[in-house]
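Asker: Structure file target.cif (mmCIF, C-alpha atoms and all ligand atoms) right here:
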```
data_model
loop_
_atom_site.group_PDB
_atom_site.id
_atom_site.type_symbol
_atom_site.label_atom_id
_atom_site.label_comp_id
_atom_site.auth_asym_id
_atom_site.auth_seq_id
_atom_site.Cartn_x
_atom_site.Cartn_y
_atom_site.Cartn_z
ATOM 1 C CA MET A 74 21.554 35.750 82.946
ATOM 2 C CA ASN A 75 21.159 37.813 79.776
ATOM 3 C CA GLN A 76 17.988 36.736 77.955
ATOM 4 C CA HIS A 77 19.752 37.396 74.636
ATOM 5 C CA ILE A 78 22.085 34.449 74.250
ATOM 6 C CA LEU A 79 23.270 35.589 70.829
ATOM 7 C CA GLU A 80 23.734 38.992 69.304
ATOM 8 C CA ALA A 81 24.952 39.857 65.820
ATOM 9 C CA LYS A 82 26.019 43.462 65.444
ATOM 10 C CA ASN A 83 26.472 45.175 62.088
ATOM 11 C CA LEU A 84 27.649 42.080 60.228
ATOM 12 C CA SER A 85 28.734 42.698 56.646
ATOM 13 C CA ILE A 86 30.504 40.730 53.947
ATOM 14 C CA ARG A 87 31.130 41.524 50.294
ATOM 15 C CA PHE A 88 31.899 39.064 47.526
ATOM 16 C CA GLY A 89 33.489 41.296 44.897
ATOM 17 C CA GLY A 90 30.859 43.952 44.249
ATOM 18 C CA LEU A 91 28.045 42.001 45.880
ATOM 19 C CA ARG A 92 26.998 42.947 49.410
ATOM 20 C CA ALA A 93 25.851 39.466 50.399
ATOM 21 C CA VAL A 94 25.263 40.504 54.019
ATOM 22 C CA ASP A 95 24.955 44.216 54.532
ATOM 23 C CA ASP A 96 25.036 45.645 58.059
ATOM 24 C CA VAL A 97 22.763 43.056 59.670
ATOM 25 C CA SER A 98 22.083 43.205 63.414
ATOM 26 C CA PHE A 99 19.746 41.059 65.494
ATOM 27 C CA LYS A 100 19.411 39.367 68.859
ATOM 28 C CA ALA A 101 18.229 35.849 69.646
ATOM 29 C CA VAL A 102 16.421 35.043 72.883
ATOM 30 C CA ARG A 103 17.520 32.028 74.920
ATOM 31 C CA ASN A 104 15.557 28.807 74.298
ATOM 32 C CA LYS A 105 13.445 30.407 71.599
ATOM 33 C CA ILE A 106 13.271 29.750 67.867
ATOM 34 C CA THR A 107 14.450 32.661 65.741
ATOM 35 C CA THR A 108 13.805 32.036 62.050
ATOM 36 C CA ILE A 109 15.442 33.773 59.127
ATOM 37 C CA ILE A 110 13.394 33.946 55.954
ATOM 38 C CA GLY A 111 13.881 35.660 52.621
ATOM 39 C CA PRO A 112 14.049 34.941 48.884
ATOM 40 C CA ASN A 113 16.813 32.847 47.290
ATOM 41 C CA GLY A 114 20.121 34.709 47.427
ATOM 42 C CA ALA A 115 18.952 37.043 50.232
ATOM 43 C CA GLY A 116 22.064 36.206 52.274
ATOM 44 C CA LYS A 117 20.582 33.812 54.860
ATOM 45 C CA SER A 118 23.192 31.043 54.596
ATOM 46 C CA THR A 119 25.948 33.627 54.389
ATOM 47 C CA LEU A 120 24.683 35.180 57.622
ATOM 48 C CA PHE A 121 24.945 31.715 59.245
ATOM 49 C CA ASN A 122 28.479 31.383 57.874
ATOM 50 C CA LEU A 123 29.420 34.703 59.483
ATOM 51 C CA ILE A 124 27.887 33.773 62.828
ATOM 52 C CA SER A 125 29.452 30.310 62.920
ATOM 53 C CA GLY A 126 32.924 31.532 61.934
ATOM 54 C CA LEU A 127 33.027 29.739 58.587
ATOM 55 C CA LEU A 128 33.405 33.106 56.873
ATOM 56 C CA ARG A 129 35.160 36.153 58.321
ATOM 57 C CA PRO A 130 33.066 39.319 58.050
ATOM 58 C CA ASN A 131 34.428 42.525 56.537
ATOM 59 C CA SER A 132 32.967 44.161 59.607
ATOM 60 C CA GLY A 133 30.755 43.378 62.555
ATOM 61 C CA THR A 134 30.786 41.377 65.761
ATOM 62 C CA VAL A 135 29.050 38.353 67.266
ATOM 63 C CA TYR A 136 28.306 38.095 70.993
ATOM 64 C CA VAL A 137 27.522 34.808 72.724
ATOM 65 C CA ASP A 138 26.290 35.254 76.288
ATOM 66 C CA GLY A 139 27.787 38.722 76.250
ATOM 67 C CA GLU A 140 31.230 37.514 75.188
ATOM 68 C CA LYS A 141 32.592 39.254 72.119
ATOM 69 C CA PHE A 142 33.770 37.283 69.069
ATOM 70 C CA ARG A 143 35.368 39.088 66.202
ATOM 71 C CA ASN A 144 37.176 37.547 63.270
ATOM 72 C CA VAL A 145 37.385 34.068 64.797
ATOM 73 C CA GLY A 146 37.094 30.629 63.162
ATOM 74 C CA PRO A 147 34.535 27.825 63.493
ATOM 75 C CA ASP A 148 36.497 26.036 66.253
ATOM 76 C CA THR A 149 36.254 29.072 68.500
ATOM 77 C CA MET A 150 32.531 29.446 67.821
ATOM 78 C CA GLN A 151 31.958 25.764 68.522
ATOM 79 C CA LYS A 152 33.751 26.146 71.869
ATOM 80 C CA ALA A 153 31.502 29.136 72.544
ATOM 81 C CA GLY A 154 28.531 26.774 72.208
ATOM 82 C CA LEU A 155 27.442 27.006 68.575
ATOM 83 C CA ALA A 156 26.672 24.077 66.287
ATOM 84 C CA ARG A 157 25.158 24.044 62.839
ATOM 85 C CA SER A 158 23.695 21.871 60.160
ATOM 86 C CA PHE A 159 24.170 22.615 56.485
ATOM 87 C CA GLN A 160 21.788 23.311 53.623
ATOM 88 C CA ILE A 161 23.522 20.500 51.772
ATOM 89 C CA THR A 162 23.793 17.204 53.621
ATOM 90 C CA ASN A 163 27.046 16.949 55.501
ATOM 91 C CA LEU A 164 27.125 13.311 56.621
ATOM 92 C CA PHE A 165 29.539 10.412 56.121
ATOM 93 C CA PHE A 166 27.457 8.222 53.815
ATOM 94 C CA GLU A 167 29.764 5.175 54.009
ATOM 95 C CA LEU A 168 29.640 5.073 57.817
ATOM 96 C CA PRO A 169 26.871 3.767 60.075
ATOM 97 C CA VAL A 170 24.308 6.137 61.587
ATOM 98 C CA ALA A 171 25.621 5.709 65.162
ATOM 99 C CA GLU A 172 29.203 6.298 64.019
ATOM 100 C CA ASN A 173 28.231 9.625 62.417
ATOM 101 C CA ILE A 174 26.860 10.816 65.766
ATOM 102 C CA ARG A 175 29.755 9.336 67.723
ATOM 103 C CA LEU A 176 32.364 11.196 65.676
ATOM 104 C CA ALA A 177 30.633 14.468 66.519
ATOM 105 C CA ALA A 178 30.116 13.496 70.176
ATOM 106 C CA GLN A 179 33.790 12.589 70.670
ATOM 107 C CA ILE A 180 34.534 16.218 71.554
ATOM 108 C CA LEU A 181 32.649 15.673 74.853
ATOM 109 C CA GLU A 182 35.410 13.311 76.027
ATOM 110 C CA PRO A 183 38.254 14.718 78.109
ATOM 111 C CA LYS A 184 41.363 15.296 75.959
ATOM 112 C CA SER A 185 43.308 12.693 77.953
ATOM 113 C CA ARG A 186 41.048 9.978 76.497
ATOM 114 C CA TRP A 187 41.252 11.024 72.854
ATOM 115 C CA ALA A 188 44.145 8.663 72.083
ATOM 116 C CA MET A 189 42.522 5.700 73.812
ATOM 117 C CA PRO A 190 40.443 2.969 72.149
ATOM 118 C CA ILE A 191 36.890 3.906 71.183
ATOM 119 C CA ARG A 192 35.402 1.701 73.936
ATOM 120 C CA ALA A 193 36.918 4.106 76.503
ATOM 121 C CA SER A 194 34.706 6.915 75.170
ATOM 122 C CA VAL A 195 31.844 6.347 77.587
ATOM 123 C CA ILE A 196 30.549 9.943 77.582
ATOM 124 C CA ALA A 197 30.317 10.012 73.789
ATOM 125 C CA ALA A 198 28.697 6.558 73.758
ATOM 126 C CA LYS A 199 26.013 7.748 76.176
ATOM 127 C CA ARG A 200 25.321 10.816 74.037
ATOM 128 C CA VAL A 201 24.976 8.632 70.930
ATOM 129 C CA GLN A 202 22.345 6.478 72.644
ATOM 130 C CA GLU A 203 20.412 9.542 73.880
ATOM 131 C CA LEU A 204 20.274 11.023 70.394
ATOM 132 C CA LEU A 205 19.411 7.766 68.617
ATOM 133 C CA GLU A 206 16.417 7.515 70.918
ATOM 134 C CA ARG A 207 15.344 11.122 70.729
ATOM 135 C CA PHE A 208 15.547 11.123 66.927
ATOM 136 C CA ASP A 209 13.878 7.749 66.522
ATOM 137 C CA LEU A 210 16.919 6.244 64.793
ATOM 138 C CA LYS A 211 17.708 3.441 67.244
ATOM 139 C CA SER A 212 16.550 0.650 64.959
ATOM 140 C CA LYS A 213 18.755 2.081 62.187
ATOM 141 C CA ALA A 214 21.870 2.674 64.329
ATOM 142 C CA GLU A 215 24.035 0.258 62.348
ATOM 143 C CA TYR A 216 22.645 1.137 58.894
ATOM 144 C CA LEU A 217 24.975 2.977 56.559
ATOM 145 C CA VAL A 218 23.756 6.561 56.119
ATOM 146 C CA GLY A 219 23.390 5.946 52.385
ATOM 147 C CA ALA A 220 20.666 3.385 53.161
ATOM 148 C CA LEU A 221 18.453 5.889 55.018
ATOM 149 C CA SER A 222 15.576 7.778 53.449
ATOM 150 C CA HIS A 223 16.113 11.453 52.668
ATOM 151 C CA GLY A 224 13.953 12.465 55.640
ATOM 152 C CA GLU A 225 15.954 10.230 57.981
ATOM 153 C CA GLN A 226 19.215 11.645 56.682
ATOM 154 C CA ARG A 227 18.066 15.207 57.385
ATOM 155 C CA ARG A 228 16.937 14.155 60.854
ATOM 156 C CA LEU A 229 20.305 12.508 61.486
ATOM 157 C CA GLU A 230 21.980 15.730 60.481
ATOM 158 C CA ILE A 231 20.224 17.555 63.292
ATOM 159 C CA ALA A 232 21.271 14.792 65.710
ATOM 160 C CA VAL A 233 24.898 15.135 64.570
ATOM 161 C CA ALA A 234 24.780 18.907 65.075
ATOM 162 C CA LEU A 235 23.409 18.362 68.600
ATOM 163 C CA ALA A 236 25.981 15.709 69.514
ATOM 164 C CA CYS A 237 28.416 18.195 71.082
ATOM 165 C CA LYS A 238 25.666 19.607 73.378
ATOM 166 C CA PRO A 239 25.624 23.109 71.906
ATOM 167 C CA LYS A 240 23.886 26.088 73.509
ATOM 168 C CA ILE A 241 22.868 27.436 70.112
ATOM 169 C CA LEU A 242 21.852 25.315 67.138
ATOM 170 C CA LEU A 243 21.848 26.774 63.621
ATOM 171 C CA LEU A 244 19.688 24.829 61.164
ATOM 172 C CA ASP A 245 19.889 25.727 57.478
ATOM 173 C CA GLU A 246 16.720 24.494 55.708
ATOM 174 C CA PRO A 247 16.394 21.245 57.661
ATOM 175 C CA THR A 248 13.199 20.279 55.821
ATOM 176 C CA GLN A 249 14.530 20.845 52.305
ATOM 177 C CA GLY A 250 13.337 18.121 49.941
ATOM 178 C CA MET A 251 11.196 16.451 52.604
ATOM 179 C CA SER A 252 7.716 15.054 52.099
ATOM 180 C CA HIS A 253 4.822 16.874 53.771
ATOM 181 C CA GLY A 254 4.630 14.305 56.568
ATOM 182 C CA ASP A 255 8.364 14.384 57.278
ATOM 183 C CA THR A 256 8.244 18.200 57.309
ATOM 184 C CA GLU A 257 5.503 18.147 59.963
ATOM 185 C CA ASP A 258 7.458 15.665 62.103
ATOM 186 C CA THR A 259 10.622 17.721 61.783
ATOM 187 C CA ALA A 260 8.759 20.897 62.753
ATOM 188 C CA ASN A 261 7.511 19.227 65.925
ATOM 189 C CA LEU A 262 10.971 17.870 66.652
ATOM 190 C CA ILE A 263 12.592 21.306 66.277
ATOM 191 C CA LYS A 264 9.957 22.830 68.524
ATOM 192 C CA SER A 265 10.659 20.231 71.216
ATOM 193 C CA LEU A 266 14.432 20.791 70.957
ATOM 194 C CA SER A 267 14.035 24.450 71.875
ATOM 195 C CA GLU A 268 13.390 23.377 75.465
ATOM 196 C CA ASP A 269 17.141 22.773 75.888
ATOM 197 C CA VAL A 270 18.795 24.739 73.113
ATOM 198 C CA THR A 271 18.380 28.111 71.412
ATOM 199 C CA ILE A 272 17.541 27.632 67.750
ATOM 200 C CA LEU A 273 18.359 29.744 64.744
ATOM 201 C CA LEU A 274 16.508 28.408 61.746
ATOM 202 C CA ILE A 275 16.540 29.148 58.028
ATOM 203 C CA GLU A 276 13.338 27.873 56.460
ATOM 204 C CA HIS A 277 11.413 28.324 53.213
ATOM 205 C CA ASP A 278 8.192 26.569 54.231
ATOM 206 C CA ILE A 279 6.237 29.612 55.348
ATOM 207 C CA GLY A 280 3.525 27.560 57.050
ATOM 208 C CA LEU A 281 6.148 25.882 59.215
ATOM 209 C CA VAL A 282 7.806 29.240 59.924
ATOM 210 C CA MET A 283 4.551 30.766 61.136
ATOM 211 C CA LYS A 284 3.787 27.715 63.270
ATOM 212 C CA ILE A 285 7.017 27.158 65.194
ATOM 213 C CA SER A 286 8.921 30.469 65.227
ATOM 214 C CA ASP A 287 8.968 32.743 68.250
ATOM 215 C CA TYR A 288 10.625 35.497 66.266
ATOM 216 C CA VAL A 289 11.199 36.032 62.550
ATOM 217 C CA LEU A 290 13.880 37.985 60.747
ATOM 218 C CA VAL A 291 13.295 38.816 57.079
ATOM 219 C CA MET A 292 16.277 39.286 54.791
ATOM 220 C CA HIS A 293 16.227 40.798 51.334
ATOM 221 C CA GLN A 294 19.243 41.534 49.127
ATOM 222 C CA GLY A 295 21.670 41.180 52.022
ATOM 223 C CA GLN A 296 19.783 43.471 54.354
ATOM 224 C CA LYS A 297 17.380 43.011 57.204
ATOM 225 C CA LEU A 298 14.001 44.012 55.799
ATOM 226 C CA ALA A 299 11.867 43.416 58.882
ATOM 227 C CA GLU A 300 11.700 41.518 62.156
ATOM 228 C CA GLY A 301 9.114 40.651 64.742
ATOM 229 C CA THR A 302 6.703 37.966 65.809
ATOM 230 C CA PRO A 303 5.340 35.762 63.001
ATOM 231 C CA GLU A 304 2.112 37.814 63.041
ATOM 232 C CA GLU A 305 3.945 41.142 62.865
ATOM 233 C CA VAL A 306 6.075 39.973 59.973
ATOM 234 C CA ARG A 307 3.142 38.565 58.050
ATOM 235 C CA ALA A 308 1.309 41.890 58.399
ATOM 236 C CA ASN A 309 4.314 43.941 57.249
ATOM 237 C CA ALA A 310 3.654 45.550 53.842
ATOM 238 C CA ALA A 311 7.329 45.661 52.812
ATOM 239 C CA VAL A 312 7.628 41.938 53.560
ATOM 240 C CA GLN A 313 4.520 41.143 51.580
ATOM 241 C CA ALA A 314 5.860 43.044 48.578
ATOM 242 C CA ALA A 315 9.393 41.617 48.681
ATOM 243 C CA TYR A 316 8.822 38.138 49.941
ATOM 244 C CA PHE A 317 5.320 37.034 49.151
ATOM 245 C CA GLY A 318 5.412 38.915 45.859
ATOM 246 C CA HIS A 319 2.285 41.006 46.416
ATOM 247 C CA ALA A 320 1.364 44.154 48.303
HETATM 248 N N1 LIG B 401 31.462 32.130 48.699
HETATM 249 C C1 LIG B 401 30.781 32.956 47.900
HETATM 250 N N2 LIG B 401 31.407 33.665 46.926
HETATM 251 C C2 LIG B 401 30.715 34.503 46.128
HETATM 252 N N3 LIG B 401 29.398 34.754 46.239
HETATM 253 C C3 LIG B 401 28.726 34.086 47.187
HETATM 254 C C4 LIG B 401 29.379 33.158 48.067
HETATM 255 N N4 LIG B 401 28.449 32.655 48.924
HETATM 256 C C5 LIG B 401 27.283 33.230 48.580
HETATM 257 N N5 LIG B 401 27.447 34.080 47.563
HETATM 258 C C6 LIG B 401 26.385 34.935 46.976
HETATM 259 O O1 LIG B 401 25.858 35.693 48.041
HETATM 260 C C7 LIG B 401 24.441 35.829 47.895
HETATM 261 C C8 LIG B 401 23.740 35.296 49.124
HETATM 262 O O2 LIG B 401 23.875 33.874 49.124
HETATM 263 P P1 LIG B 401 23.261 32.955 50.266
HETATM 264 O O3 LIG B 401 23.689 31.572 49.962
HETATM 265 O O4 LIG B 401 23.628 33.506 51.577
HETATM 266 O O5 LIG B 401 21.716 33.134 50.022
HETATM 267 P P2 LIG B 401 20.480 32.401 50.736
HETATM 268 O O6 LIG B 401 19.610 33.462 51.296
HETATM 269 O O7 LIG B 401 20.996 31.368 51.674
HETATM 270 O O8 LIG B 401 19.761 31.739 49.494
HETATM 271 P P3 LIG B 401 18.979 30.321 49.351
HETATM 272 O O9 LIG B 401 17.611 30.558 49.885
HETATM 273 O O10 LIG B 401 18.973 30.067 47.885
HETATM 274 O O11 LIG B 401 19.757 29.305 50.118
HETATM 275 C C9 LIG B 401 24.071 35.106 46.608
HETATM 276 O O12 LIG B 401 24.009 36.051 45.571
HETATM 277 C C10 LIG B 401 25.229 34.149 46.403
HETATM 278 O O13 LIG B 401 25.421 33.849 45.045
HETATM 279 MG MG MG B 402 20.846 29.331 51.744
#
```
Here is a file; write its structure as structure tokens.
Answerer:
Amino acid sequence: MNQHILEAKNLSIRFGGLRAVDDVSFKAVRNKITTIIGPNGAGKSTLFNLISGLLRPNSGTVYVDGEKFRNVGPDTMQKAGLARSFQITNLFFELPVAENIRLAAQILEPKSRWAMPIRASVIAAKRVQELLERFDLKSKAEYLVGALSHGEQRRLEIAVALACKPKILLLDEPTQGMSHGDTEDTANLIKSLSEDVTILLIEHDIGLVMKISDYVLVMHQGQKLAEGTPEEVRANAAVQAAYFGHA
């Protein structure tokens, strides 16, 4: 088995004159946490959009387990084993917590059962229970999402992204807007998830990045500025100048 579960090769996209992602290549190691950092507008979310098929690159290729994906949509990338959460909450606020997970888990059911009543969806139901437990949301299963705290909503979003049992989980700023305590809990949760799934993370909290990342990729103005272990990246002079704002 190839230790690199994901490879992005020479990905580029332009928006008019702006090179939002400019010839970016990297590899992610199986069951490790690869974190993408960089200033606002560096192209981090756009890179996720290219990898997950939400945007089509002007050039470049994505490989999942050695299989080549070029110019394909999000459905194809989901089938390949990718799932993602969004920088902006992407939940159904008027539906209960469990129902949000169940809708995403429904894809685990064989197609022949899709037209049957919900109670026939036993595989999805089992997945919902597993995730409610793992994410400490069991007591809130029947709450409407709108009634959860911000931290709980962000946690639920990770559960929803995991519902389809992906091989690779892309998390775009999962701790955004969280209190210090919730951020710590989420960091520990993400770390524990990497036992079963490869994680690609975008994160601004540099303390968290240094603590849980196995590998860090630094983006700046659409390009890859540096990469390496958290220690290597922290010691990199170009990173210090561009990202931390001092030399
Ligand atoms: N659909 C789009 N059309 C035009 N420009 C876009 C589009 N999406 C992103 N951009 C631009 O591309 C650049 C990179 O944006 P992106 O959202 O990837 O940055 P980011 O690194 O995720 O930033 P942040 O840390 O603020 O989330 C920005 O200048 C942004 O304005
Ligand atoms: Mg972003």
Asker: Leaving out stretch 92-103 of chain A and any residue of its chain fewer than 4 positions from it, which residues lie within 6 Å of it when counting all atoms listed in the file, given as a list of chain:residue names?
Answerer: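 That gives A:Gln76, A:His77, A:Ile78, A:Leu79, A:Glu80, A:Ala81, A:Lys82, A:Asn83, A:Leu84, A:Ser85, A:Ile86, A:Arg87, A:Gly116, A:Thr271, A:Gly295, A:Gln296, A:Lys297.
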Asker: For the structure provided, state which residues fall under the PyMOL selection byres (((not hetatm)) within 9 of (chain B and resi 401)), and present them as a short mmCIF file (atom, residue, chain, number, x, y, z; two decimals) with C-alpha atoms, in the frame of the given file.
Answerer:
```cif
data_model
loop_
_atom_site.label_atom_id
_atom_site.label_comp_id
_atom_site.auth_asym_id
_atom_site.auth_seq_id
_atom_site.Cartn_x
_atom_site.Cartn_y
_atom_site.Cartn_z
CA ARG A 87 31.13 41.52 50.29
CA PHE A 88 31.90 39.06 47.53
CA GLY A 89 33.49 41.30 44.90
CA LEU A 91 28.04 42.00 45.88
CA ARG A 92 27.00 42.95 49.41
CA ALA A 93 25.85 39.47 50.40
CA VAL A 94 25.26 40.50 54.02
CA ILE A 109 15.44 33.77 59.13
CA ILE A 110 13.39 33.95 55.95
CA GLY A 111 13.88 35.66 52.62
CA PRO A 112 14.05 34.94 48.88
CA ASN A 113 16.81 32.85 47.29
CA GLY A 114 20.12 34.71 47.43
CA ALA A 115 18.95 37.04 50.23
CA GLY A 116 22.06 36.21 52.27
CA LYS A 117 20.58 33.81 54.86
CA SER A 118 23.19 31.04 54.60
CA THR A 119 25.95 33.63 54.39
CA LEU A 120 24.68 35.18 57.62
CA PHE A 121 24.94 31.72 59.24
CA ASN A 122 28.48 31.38 57.87
CA LEU A 128 33.40 33.11 56.87
CA GLN A 160 21.79 23.31 53.62
CA ASP A 245 19.89 25.73 57.48
CA GLU A 246 16.72 24.49 55.71
CA ILE A 275 16.54 29.15 58.03
CA GLU A 276 13.34 27.87 56.46
CA HIS A 277 11.41 28.32 53.21
CA MET A 292 16.28 39.29 54.79
CA HIS A 293 16.23 40.80 51.33
CA GLN A 294 19.24 41.53 49.13
CA GLY A 295 21.67 41.18 52.02
#
```
Asker: What gap, in Å, lies between atom CA of A:Ile106 and atom CA of A:Ala311?
Answerer: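 Result for atom CA of A:Ile106 versus atom CA of A:Ala311: 22.7 Å, one decimal.
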Asker: Of the candidates A:Asn144, A:Gln249, A:Ser185, A:Ser132, which one gets nearest to ligand MG 402 (chain B) if we count only C-alpha atoms and all ligand atoms?
Answerer: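 Between A:Asn144, A:Gln249, A:Ser185, A:Ser132, the residue approaching ligand MG 402 (chain B) most closely is A:Gln249.
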Asker: Name the closest residue to ligand MG 402 (chain B) among the candidates A:Thr107, A:Pro130, A:Gly219, A:Pro247; distances are taken between atoms, counting only C-alpha atoms and all ligand atoms.
Answerer: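 Residue with the minimum atom-to-atom distance to ligand MG 402 (chain B): A:Pro247.
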Asker: Interatomic distance between atom CA of A:Leu262 and atom CA of A:Lys211?
Answerer: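 Rounded to one decimal, the two atoms are 15.9 Å apart.
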Asker: Counting all atoms listed in the file, which of A:Glu203, A:Glu225, A:Asp287, A:Glu268 gets nearest to A:Met251?
Answerer: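 Result for the nearest residue to A:Met251: A:Glu225.
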Asker: Tell me which protein, DNA and RNA residues are within 9 Å of A:Lys284, counting all atoms listed in the file, leaving out same-chain ones fewer than 4 positions away, and put them as a compact mmCIF listing (two decimals) with C-alpha atoms, in the coordinates of the input.
Answerer:
```
# COMPACT_ATOMS: atom_id res chain seq x y z
CA ALA A 260 8.76 20.90 62.75
CA ILE A 279 6.24 29.61 55.35
CA GLY A 280 3.52 27.56 57.05
CA PRO A 303 5.34 35.76 63.00
```
Asker: Rounded to one decimal, what separation in Å do you get between atom CA of A:Asp278 and atom CA of A:Gly250?
Answerer: 10.8 Å
